[in-house]
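Chemist: Okay, so here is my_file03.cif, and as you'll see once you scroll down, it has mmCIF, C-alpha atoms, pLDDT in the B column; chains and numbers go by the auth columns.
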```
data_run
loop_
_atom_site.group_PDB
_atom_site.id
_atom_site.type_symbol
_atom_site.label_atom_id
_atom_site.label_comp_id
_atom_site.label_asym_id
_atom_site.label_seq_id
_atom_site.Cartn_x
_atom_site.Cartn_y
_atom_site.Cartn_z
_atom_site.B_iso_or_equiv
_atom_site.auth_seq_id
_atom_site.auth_asym_id
ATOM 1 C CA MET A 1 2.115 -0.081 2.299 54.00 83 S
ATOM 2 C CA SER A 2 0.354 -3.004 3.948 61.00 84 S
ATOM 3 C CA GLU A 3 1.235 -4.395 7.351 62.00 85 S
ATOM 4 C CA ASP A 4 2.385 -7.641 5.678 64.00 86 S
ATOM 5 C CA THR A 5 4.761 -5.730 3.379 61.00 87 S
ATOM 6 C CA THR A 6 6.174 -3.773 6.308 74.00 88 S
ATOM 7 C CA THR A 7 6.745 -6.987 8.275 78.00 89 S
ATOM 8 C CA ILE A 8 8.499 -8.624 5.309 73.00 90 S
ATOM 9 C CA GLU A 9 10.721 -5.581 4.732 79.00 91 S
ATOM 10 C CA ARG A 10 11.655 -5.410 8.422 80.00 92 S
ATOM 11 C CA ALA A 11 12.568 -9.099 8.376 81.00 93 S
ATOM 12 C CA LEU A 12 14.667 -8.582 5.248 79.00 94 S
ATOM 13 C CA ALA A 13 16.426 -5.577 6.792 78.00 95 S
ATOM 14 C CA GLN A 14 17.161 -7.591 9.928 78.00 96 S
ATOM 15 C CA GLU A 15 18.518 -10.453 7.808 82.00 97 S
ATOM 16 C CA MET A 16 20.783 -8.042 5.891 75.00 98 S
ATOM 17 C CA ILE A 17 22.161 -6.524 9.087 77.00 99 S
ATOM 18 C CA GLU A 18 22.741 -9.923 10.687 81.00 100 S
ATOM 19 C CA ARG A 19 24.555 -11.140 7.541 73.00 101 S
ATOM 20 C CA ALA A 20 26.782 -8.052 7.567 77.00 102 S
ATOM 21 C CA LEU A 21 27.572 -8.337 11.285 81.00 103 S
ATOM 22 C CA ALA A 22 28.112 -12.121 11.271 85.00 104 S
ATOM 23 C CA ASP A 23 31.643 -11.761 9.927 80.00 105 S
ATOM 24 C CA PRO A 24 34.083 -9.192 11.355 79.00 106 S
ATOM 25 C CA ARG A 25 36.440 -9.287 8.358 79.00 107 S
ATOM 26 C CA GLN A 26 37.079 -6.122 6.369 78.00 108 S
ATOM 27 C CA GLN A 27 38.893 -7.527 3.357 75.00 109 S
ATOM 28 C CA PHE A 28 38.440 -7.961 -0.366 79.00 110 S
ATOM 29 C CA GLY A 29 35.593 -10.354 -1.014 79.00 111 S
ATOM 30 C CA SER A 30 34.105 -9.825 2.431 81.00 112 S
ATOM 31 C CA PHE A 31 33.601 -6.430 3.994 85.00 113 S
ATOM 32 C CA PHE A 32 30.636 -4.998 5.879 87.00 114 S
ATOM 33 C CA LEU A 33 29.006 -3.065 3.023 89.00 115 S
ATOM 34 C CA SER A 34 29.338 -5.913 0.510 92.00 116 S
ATOM 35 C CA ARG A 35 27.796 -8.357 2.992 90.00 117 S
ATOM 36 C CA LEU A 36 25.024 -5.894 3.875 91.00 118 S
ATOM 37 C CA LEU A 37 24.066 -5.480 0.213 94.00 119 S
ATOM 38 C CA GLY A 38 24.480 -9.197 -0.524 94.00 120 S
ATOM 39 C CA PHE A 39 27.256 -8.811 -3.111 96.00 121 S
ATOM 40 C CA GLN A 40 28.673 -12.060 -4.481 96.00 122 S
ATOM 41 C CA VAL A 41 32.109 -11.516 -6.046 97.00 123 S
ATOM 42 C CA SER A 42 33.675 -13.835 -8.627 97.00 124 S
ATOM 43 C CA PHE A 43 36.318 -13.659 -11.340 97.00 125 S
ATOM 44 C CA GLU A 44 36.333 -14.820 -14.951 95.00 126 S
ATOM 45 C CA GLY A 45 39.817 -14.266 -16.398 92.00 127 S
ATOM 46 C CA GLU A 46 40.515 -10.535 -16.233 93.00 128 S
ATOM 47 C CA ARG A 47 36.916 -9.698 -15.355 97.00 129 S
ATOM 48 C CA CYS A 48 35.284 -9.276 -11.972 98.00 130 S
ATOM 49 C CA ILE A 49 31.619 -10.076 -11.542 98.00 131 S
ATOM 50 C CA VAL A 50 29.552 -8.668 -8.671 98.00 132 S
ATOM 51 C CA GLU A 51 26.034 -10.046 -8.434 98.00 133 S
ATOM 52 C CA PHE A 52 23.283 -9.151 -5.993 97.00 134 S
ATOM 53 C CA GLU A 53 19.533 -9.292 -5.648 96.00 135 S
ATOM 54 C CA ALA A 54 17.767 -5.949 -6.071 96.00 136 S
ATOM 55 C CA THR A 55 14.962 -5.931 -3.520 93.00 137 S
ATOM 56 C CA ARG A 56 12.411 -3.282 -2.513 90.00 138 S
ATOM 57 C CA ILE A 57 14.393 -2.354 0.571 91.00 139 S
ATOM 58 C CA LEU A 58 17.140 -1.028 -1.757 94.00 140 S
ATOM 59 C CA PHE A 59 14.727 0.986 -3.917 94.00 141 S
ATOM 60 C CA ASN A 60 14.358 4.746 -4.160 94.00 142 S
ATOM 61 C CA PRO A 61 10.972 6.435 -3.658 93.00 143 S
ATOM 62 C CA GLN A 62 10.265 6.009 -7.389 93.00 144 S
ATOM 63 C CA GLY A 63 10.199 2.215 -6.995 93.00 145 S
ATOM 64 C CA THR A 64 13.472 1.306 -8.680 95.00 146 S
ATOM 65 C CA LEU A 65 16.942 0.381 -7.425 96.00 147 S
ATOM 66 C CA HIS A 66 18.698 3.414 -5.941 96.00 148 S
ATOM 67 C CA GLY A 67 21.469 4.673 -8.221 96.00 149 S
ATOM 68 C CA GLY A 68 23.930 4.792 -5.329 97.00 150 S
ATOM 69 C CA ILE A 69 23.582 1.036 -4.879 97.00 151 S
ATOM 70 C CA LEU A 70 24.348 0.479 -8.569 97.00 152 S
ATOM 71 C CA ALA A 71 27.317 2.855 -8.412 98.00 153 S
ATOM 72 C CA THR A 72 28.631 1.074 -5.324 97.00 154 S
ATOM 73 C CA ALA A 73 28.346 -2.352 -6.974 98.00 155 S
ATOM 74 C CA MET A 74 30.188 -1.130 -10.082 98.00 156 S
ATOM 75 C CA ASP A 75 32.884 0.519 -7.941 98.00 157 S
ATOM 76 C CA VAL A 76 33.325 -2.722 -5.981 97.00 158 S
ATOM 77 C CA SER A 77 33.599 -4.735 -9.204 98.00 159 S
ATOM 78 C CA MET A 78 36.352 -2.467 -10.535 98.00 160 S
ATOM 79 C CA GLY A 79 38.223 -2.265 -7.229 97.00 161 S
ATOM 80 C CA HIS A 80 38.143 -6.015 -6.747 97.00 162 S
ATOM 81 C CA LEU A 81 39.385 -6.590 -10.287 98.00 163 S
ATOM 82 C CA LEU A 82 42.317 -4.228 -9.783 97.00 164 S
ATOM 83 C CA GLN A 83 43.194 -5.832 -6.453 96.00 165 S
ATOM 84 C CA HIS A 84 42.892 -9.330 -7.946 96.00 166 S
ATOM 85 C CA THR A 85 45.246 -8.573 -10.833 95.00 167 S
ATOM 86 C CA ASP A 86 47.613 -5.798 -9.697 95.00 168 S
ATOM 87 C CA GLY A 87 47.004 -4.971 -6.029 94.00 169 S
ATOM 88 C CA ALA A 88 44.853 -2.629 -3.987 93.00 170 S
ATOM 89 C CA GLY A 89 44.042 0.795 -5.363 96.00 171 S
ATOM 90 C CA ALA A 90 41.978 3.890 -4.792 95.00 172 S
ATOM 91 C CA THR A 91 39.335 5.402 -7.039 96.00 173 S
ATOM 92 C CA LEU A 92 40.561 8.742 -8.417 97.00 174 S
ATOM 93 C CA THR A 93 37.549 9.491 -10.625 98.00 175 S
ATOM 94 C CA MET A 94 34.361 7.665 -11.486 98.00 176 S
ATOM 95 C CA THR A 95 31.637 8.523 -13.969 98.00 177 S
ATOM 96 C CA VAL A 96 28.329 6.685 -13.992 98.00 178 S
ATOM 97 C CA ASP A 97 25.695 6.745 -16.720 98.00 179 S
ATOM 98 C CA PHE A 98 22.289 5.403 -15.733 98.00 180 S
ATOM 99 C CA LEU A 99 20.621 4.014 -18.846 98.00 181 S
ATOM 100 C CA ALA A 100 17.473 2.303 -17.549 97.00 182 S
ATOM 101 C CA PRO A 101 15.812 1.698 -14.198 97.00 183 S
ATOM 102 C CA ALA A 102 16.781 -1.496 -12.395 97.00 184 S
ATOM 103 C CA LYS A 103 13.858 -3.309 -10.852 96.00 185 S
ATOM 104 C CA ALA A 104 13.528 -6.282 -8.533 96.00 186 S
ATOM 105 C CA GLY A 105 15.739 -9.193 -9.512 97.00 187 S
ATOM 106 C CA LEU A 106 19.325 -10.172 -10.105 98.00 188 S
ATOM 107 C CA VAL A 107 21.809 -7.427 -11.027 98.00 189 S
ATOM 108 C CA ARG A 108 25.192 -8.374 -12.483 98.00 190 S
ATOM 109 C CA CYS A 109 28.075 -5.885 -12.643 98.00 191 S
ATOM 110 C CA GLU A 110 30.949 -6.864 -14.942 98.00 192 S
ATOM 111 C CA ALA A 111 34.251 -4.997 -14.637 98.00 193 S
ATOM 112 C CA SER A 112 37.158 -5.055 -17.065 98.00 194 S
ATOM 113 C CA PHE A 113 40.210 -2.983 -17.887 98.00 195 S
ATOM 114 C CA LEU A 114 40.230 -0.219 -20.445 98.00 196 S
ATOM 115 C CA ARG A 115 43.951 0.407 -19.843 97.00 197 S
ATOM 116 C CA ARG A 116 46.363 -1.107 -17.338 95.00 198 S
ATOM 117 C CA GLY A 117 49.227 1.064 -16.212 94.00 199 S
ATOM 118 C CA ARG A 118 52.032 0.662 -13.693 93.00 200 S
ATOM 119 C CA SER A 119 50.427 3.076 -11.226 95.00 201 S
ATOM 120 C CA ILE A 120 47.239 4.404 -12.904 97.00 202 S
ATOM 121 C CA SER A 121 44.640 2.212 -14.596 98.00 203 S
ATOM 122 C CA ALA A 122 41.329 2.856 -16.333 98.00 204 S
ATOM 123 C CA LEU A 123 38.496 0.407 -15.788 98.00 205 S
ATOM 124 C CA LYS A 124 34.868 0.063 -16.761 98.00 206 S
ATOM 125 C CA SER A 125 31.888 -1.745 -15.331 98.00 207 S
ATOM 126 C CA GLU A 126 28.500 -2.507 -16.794 98.00 208 S
ATOM 127 C CA ALA A 127 25.458 -3.224 -14.643 98.00 209 S
ATOM 128 C CA LEU A 128 23.087 -5.649 -16.330 98.00 210 S
ATOM 129 C CA GLN A 129 19.620 -6.878 -15.523 98.00 211 S
ATOM 130 C CA ASP A 130 17.861 -9.437 -17.710 96.00 212 S
ATOM 131 C CA ASN A 131 20.846 -9.186 -20.129 94.00 213 S
ATOM 132 C CA ALA A 132 20.216 -5.459 -20.677 97.00 214 S
ATOM 133 C CA ILE A 133 22.642 -2.740 -19.584 98.00 215 S
ATOM 134 C CA VAL A 134 21.015 -0.541 -16.926 98.00 216 S
ATOM 135 C CA ALA A 135 24.145 1.470 -16.019 98.00 217 S
ATOM 136 C CA HIS A 136 27.715 1.934 -17.180 98.00 218 S
ATOM 137 C CA ALA A 137 30.690 3.308 -15.241 98.00 219 S
ATOM 138 C CA THR A 138 34.257 4.245 -16.051 98.00 220 S
ATOM 139 C CA ALA A 139 36.874 4.982 -13.427 98.00 221 S
ATOM 140 C CA THR A 140 40.499 5.906 -13.042 98.00 222 S
ATOM 141 C CA TRP A 141 42.334 4.053 -10.288 98.00 223 S
ATOM 142 C CA LYS A 142 45.676 4.595 -8.590 97.00 224 S
ATOM 143 C CA LEU A 143 47.505 1.567 -7.279 95.00 225 S
ATOM 144 C CA ARG A 144 48.445 1.812 -3.629 91.00 226 S
ATOM 145 C CA PRO A 145 52.128 1.294 -2.831 85.00 227 S
ATOM 146 C CA LYS A 146 52.874 -2.266 -1.765 74.00 228 S
#
```
In structure tokens, what does this structure look like?
Modeler:
Amino acid sequence: MSEDTTTIERALAQEMIERALADPRQQFGSFFLSRLLGFQVSFEGERCIVEFEATRILFNPQGTLHGGILATAMDVSMGHLLQHTDGAGATLTMTVDFLAPAKAGLVRCEASFLRRGRSISALKSEALQDNAIVAHATATWKLRPK
């Protein structure tokens, strides 16, 4: 890695940390980890969209986006959708299938319901890059008592 690349990555890491620390809130739509990773959360009907820029600093040693980052983004998309429609919940189970490597660029995670229940719901999220699915997750969620 060149000195220029190292300098750029350090600057990016510093920018990410400053963005995460700039806001003390820990709430849906704005919490430390989502700010650190640059997640942008929006809603389209009964769908939650989480978008972020995959950059080298988030890559694994193989040169692609780390699977844990993708899993986190899909988990956030499902959790935010549940909270937006029914209230806060907790992930009971989550299964992730990685279908293709994600590279540098915009990643979009789209969550929707598979089944909505009174206390247990099933959701799914697809991670897309360049309109191609790179990962797919399903999860079972339990609503937290109000």
Chemist: Evaluate the PyMOL selection byres ((chain S and resi 135) around 7) here and jot the selected residues down as a PyMOL selection string.
Modeler: chain S and resi 134+136-137+187-189
Chemist: So, with all atoms listed in the file as the atoms that count, which of S:Cys191, S:Ala186, S:Leu174, S:Leu94 lies closest to Ala155 of chain S?
Modeler: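 That would be S:Cys191, the residue with the smallest distance to Ala155 of chain S.
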Chemist: List the spatial neighbours of Asp168 of chain S as number ranges by chain - criterion: any atom at most 9 Å away, only C-alpha atoms, same-chain residues fewer than 5 positions off excluded.
Modeler: S: 163, 200, 225
Chemist: For C-alpha atoms, I'd like the residues from the last selection saved as a tab-separated table (two decimals), in the coordinates of the input.
Modeler:
```
chain	number	residue	atom	x	y	z
S	163	LEU	CA	39.38	-6.59	-10.29
S	200	ARG	CA	52.03	0.66	-13.69
S	225	LEU	CA	47.50	1.57	-7.28
```
Chemist: Neighbouring residues of Thr154 of chain S were defined as those with any atom within 10 Å, considering all atoms listed in the file; residues of the same chain fewer than 6 positions away were excluded. Please report them as a VMD selection string.
Modeler: chain S and resid 115 to 116 119 160
Chemist: Can I get the selected residues back with C-alpha atoms, as a short mmCIF file (atom, residue, chain, number, x, y, z; two decimals), in the frame of the given file?
Modeler:
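Produced file result07.cif, reproduced below:
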```cif
data_model
loop_
_atom_site.label_atom_id
_atom_site.label_comp_id
_atom_site.auth_asym_id
_atom_site.auth_seq_id
_atom_site.Cartn_x
_atom_site.Cartn_y
_atom_site.Cartn_z
CA LEU S 115 29.01 -3.06 3.02
CA SER S 116 29.34 -5.91 0.51
CA LEU S 119 24.07 -5.48 0.21
CA MET S 160 36.35 -2.47 -10.54
#
```
Chemist: As a check of understanding, name the residues that the PyMOL selection byres ((chain S and resi 125) around 12) selects in the supplied structure, as a ChimeraX atom specification.
Modeler: /S:111,122-124,126-133,159-160,162-167,191-194
Chemist: Run the PyMOL selection byres ((chain S and resi 227) around 9) on the file and write out the hits as a ChimeraX atom specification.
Modeler: /S:169-171,201,225-226,228
Chemist: Can you work out which one of S:Leu152, S:Met98, S:Val158, S:Leu147 has the shortest atom-to-atom distance to Phe110 of chain S, counting only C-alpha atoms?
Modeler: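 Closest residue, counting only C-alpha atoms: S:Val158.
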Chemist: Excluding same-chain residues fewer than 2 positions from Val216 of chain S, what lies within 8 Å of it counting all atoms listed in the file, as a short mmCIF file (atom, residue, chain, number, x, y, z; two decimals) with C-alpha atoms, keeping the file's coordinate frame?
Modeler:
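Final output, saved to part.cif:
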```cif
data_model
loop_
_atom_site.label_atom_id
_atom_site.label_comp_id
_atom_site.auth_asym_id
_atom_site.auth_seq_id
_atom_site.Cartn_x
_atom_site.Cartn_y
_atom_site.Cartn_z
CA PHE S 180 22.29 5.40 -15.73
CA LEU S 181 20.62 4.01 -18.85
CA ALA S 182 17.47 2.30 -17.55
CA PRO S 183 15.81 1.70 -14.20
CA ALA S 184 16.78 -1.50 -12.40
CA GLU S 208 28.50 -2.51 -16.79
CA ALA S 209 25.46 -3.22 -14.64
CA LEU S 210 23.09 -5.65 -16.33
CA GLN S 211 19.62 -6.88 -15.52
CA ALA S 214 20.22 -5.46 -20.68
CA HIS S 218 27.72 1.93 -17.18
#
```
Chemist: With 3 Å of padding per side, what axis-aligned box (centre and edge lengths, Å, one decimal) covers all the listed atoms of segment 196-215 of chain S? Give it as AutoDock Vina command-line options.
Modeler:
```
--center_x 34.9 --center_y -2.5 --center_z -16.0 --size_x 40.2 --size_y 19.8 --size_z 15.5
```
Chemist: Kindly provide, as a PyMOL selection string, the polymer residues lying within 7 Å of (9.9, -2.0, -6.8), counting all atoms listed in the file and using the coordinates exactly as they appear in the file.
Modeler: chain S and resi 138+141+145-146+185-186
Chemist: Could N, CA and C atoms be built for segment 94-125 of chain S and written out as a tab-separated table (two decimals), in the coordinates of the input?
Modeler:
```tsv
chain	number	residue	atom	x	y	z
S	94	LEU	N	13.58	-8.62	6.22
S	94	LEU	CA	14.67	-8.58	5.25
S	94	LEU	C	15.79	-7.66	5.74
S	95	ALA	N	15.42	-6.51	6.27
S	95	ALA	CA	16.43	-5.58	6.79
S	95	ALA	C	17.19	-6.22	7.94
S	96	GLN	N	16.50	-6.91	8.81
S	96	GLN	CA	17.16	-7.59	9.93
S	96	GLN	C	18.11	-8.67	9.42
S	97	GLU	N	17.68	-9.41	8.41
S	97	GLU	CA	18.52	-10.45	7.81
S	97	GLU	C	19.78	-9.84	7.18
S	98	MET	N	19.63	-8.71	6.51
S	98	MET	CA	20.78	-8.04	5.89
S	98	MET	C	21.78	-7.59	6.95
S	99	ILE	N	21.28	-7.01	8.02
S	99	ILE	CA	22.16	-6.52	9.09
S	99	ILE	C	22.86	-7.69	9.78
S	100	GLU	N	22.13	-8.75	10.06
S	100	GLU	CA	22.74	-9.92	10.69
S	100	GLU	C	23.82	-10.54	9.79
S	101	ARG	N	23.57	-10.61	8.48
S	101	ARG	CA	24.56	-11.14	7.54
S	101	ARG	C	25.81	-10.28	7.56
S	102	ALA	N	25.64	-8.96	7.58
S	102	ALA	CA	26.78	-8.05	7.57
S	102	ALA	C	27.58	-8.15	8.86
S	103	LEU	N	26.90	-8.29	9.98
S	103	LEU	CA	27.57	-8.34	11.28
S	103	LEU	C	28.13	-9.71	11.64
S	104	ALA	N	27.71	-10.75	10.94
S	104	ALA	CA	28.11	-12.12	11.27
S	104	ALA	C	29.60	-12.38	11.06
S	105	ASP	N	30.24	-11.55	10.27
S	105	ASP	CA	31.64	-11.76	9.93
S	105	ASP	C	32.39	-10.45	10.18
S	106	PRO	N	33.39	-10.44	11.04
S	106	PRO	CA	34.08	-9.19	11.36
S	106	PRO	C	35.12	-8.76	10.31
S	107	ARG	N	35.38	-9.60	9.32
S	107	ARG	CA	36.44	-9.29	8.36
S	107	ARG	C	36.12	-8.04	7.54
S	108	GLN	N	37.15	-7.27	7.27
S	108	GLN	CA	37.08	-6.12	6.37
S	108	GLN	C	38.17	-6.35	5.33
S	109	GLN	N	37.90	-7.19	4.37
S	109	GLN	CA	38.89	-7.53	3.36
S	109	GLN	C	38.20	-7.70	2.01
S	110	PHE	N	39.01	-7.76	0.96
S	110	PHE	CA	38.44	-7.96	-0.37
S	110	PHE	C	37.65	-9.26	-0.37
S	111	GLY	N	36.47	-9.20	-0.95
S	111	GLY	CA	35.59	-10.35	-1.01
S	111	GLY	C	34.64	-10.45	0.16
S	112	SER	N	34.98	-9.79	1.27
S	112	SER	CA	34.10	-9.82	2.43
S	112	SER	C	34.36	-8.61	3.31
S	113	PHE	N	33.56	-7.59	3.11
S	113	PHE	CA	33.60	-6.43	3.99
S	113	PHE	C	32.16	-6.04	4.29
S	114	PHE	N	31.97	-5.26	5.35
S	114	PHE	CA	30.64	-5.00	5.88
S	114	PHE	C	29.63	-4.59	4.80
S	115	LEU	N	29.97	-3.58	4.00
S	115	LEU	CA	29.01	-3.06	3.02
S	115	LEU	C	28.66	-4.11	1.97
S	116	SER	N	29.64	-4.88	1.52
S	116	SER	CA	29.34	-5.91	0.51
S	116	SER	C	28.45	-7.01	1.09
S	117	ARG	N	28.67	-7.35	2.35
S	117	ARG	CA	27.80	-8.36	2.99
S	117	ARG	C	26.40	-7.79	3.21
S	118	LEU	N	26.32	-6.53	3.65
S	118	LEU	CA	25.02	-5.89	3.88
S	118	LEU	C	24.17	-5.91	2.61
S	119	LEU	N	24.79	-5.56	1.48
S	119	LEU	CA	24.07	-5.48	0.21
S	119	LEU	C	23.95	-6.83	-0.50
S	120	GLY	N	24.59	-7.86	0.05
S	120	GLY	CA	24.48	-9.20	-0.52
S	120	GLY	C	25.31	-9.42	-1.77
S	121	PHE	N	26.41	-8.67	-1.92
S	121	PHE	CA	27.26	-8.81	-3.11
S	121	PHE	C	27.96	-10.16	-3.11
S	122	GLN	N	27.92	-10.83	-4.24
S	122	GLN	CA	28.67	-12.06	-4.48
S	122	GLN	C	29.73	-11.73	-5.52
S	123	VAL	N	30.99	-11.90	-5.18
S	123	VAL	CA	32.11	-11.52	-6.05
S	123	VAL	C	32.74	-12.76	-6.64
S	124	SER	N	32.97	-12.74	-7.95
S	124	SER	CA	33.67	-13.84	-8.63
S	124	SER	C	34.53	-13.25	-9.74
S	125	PHE	N	35.40	-14.09	-10.29
S	125	PHE	CA	36.32	-13.66	-11.34
S	125	PHE	C	36.24	-14.62	-12.51
```
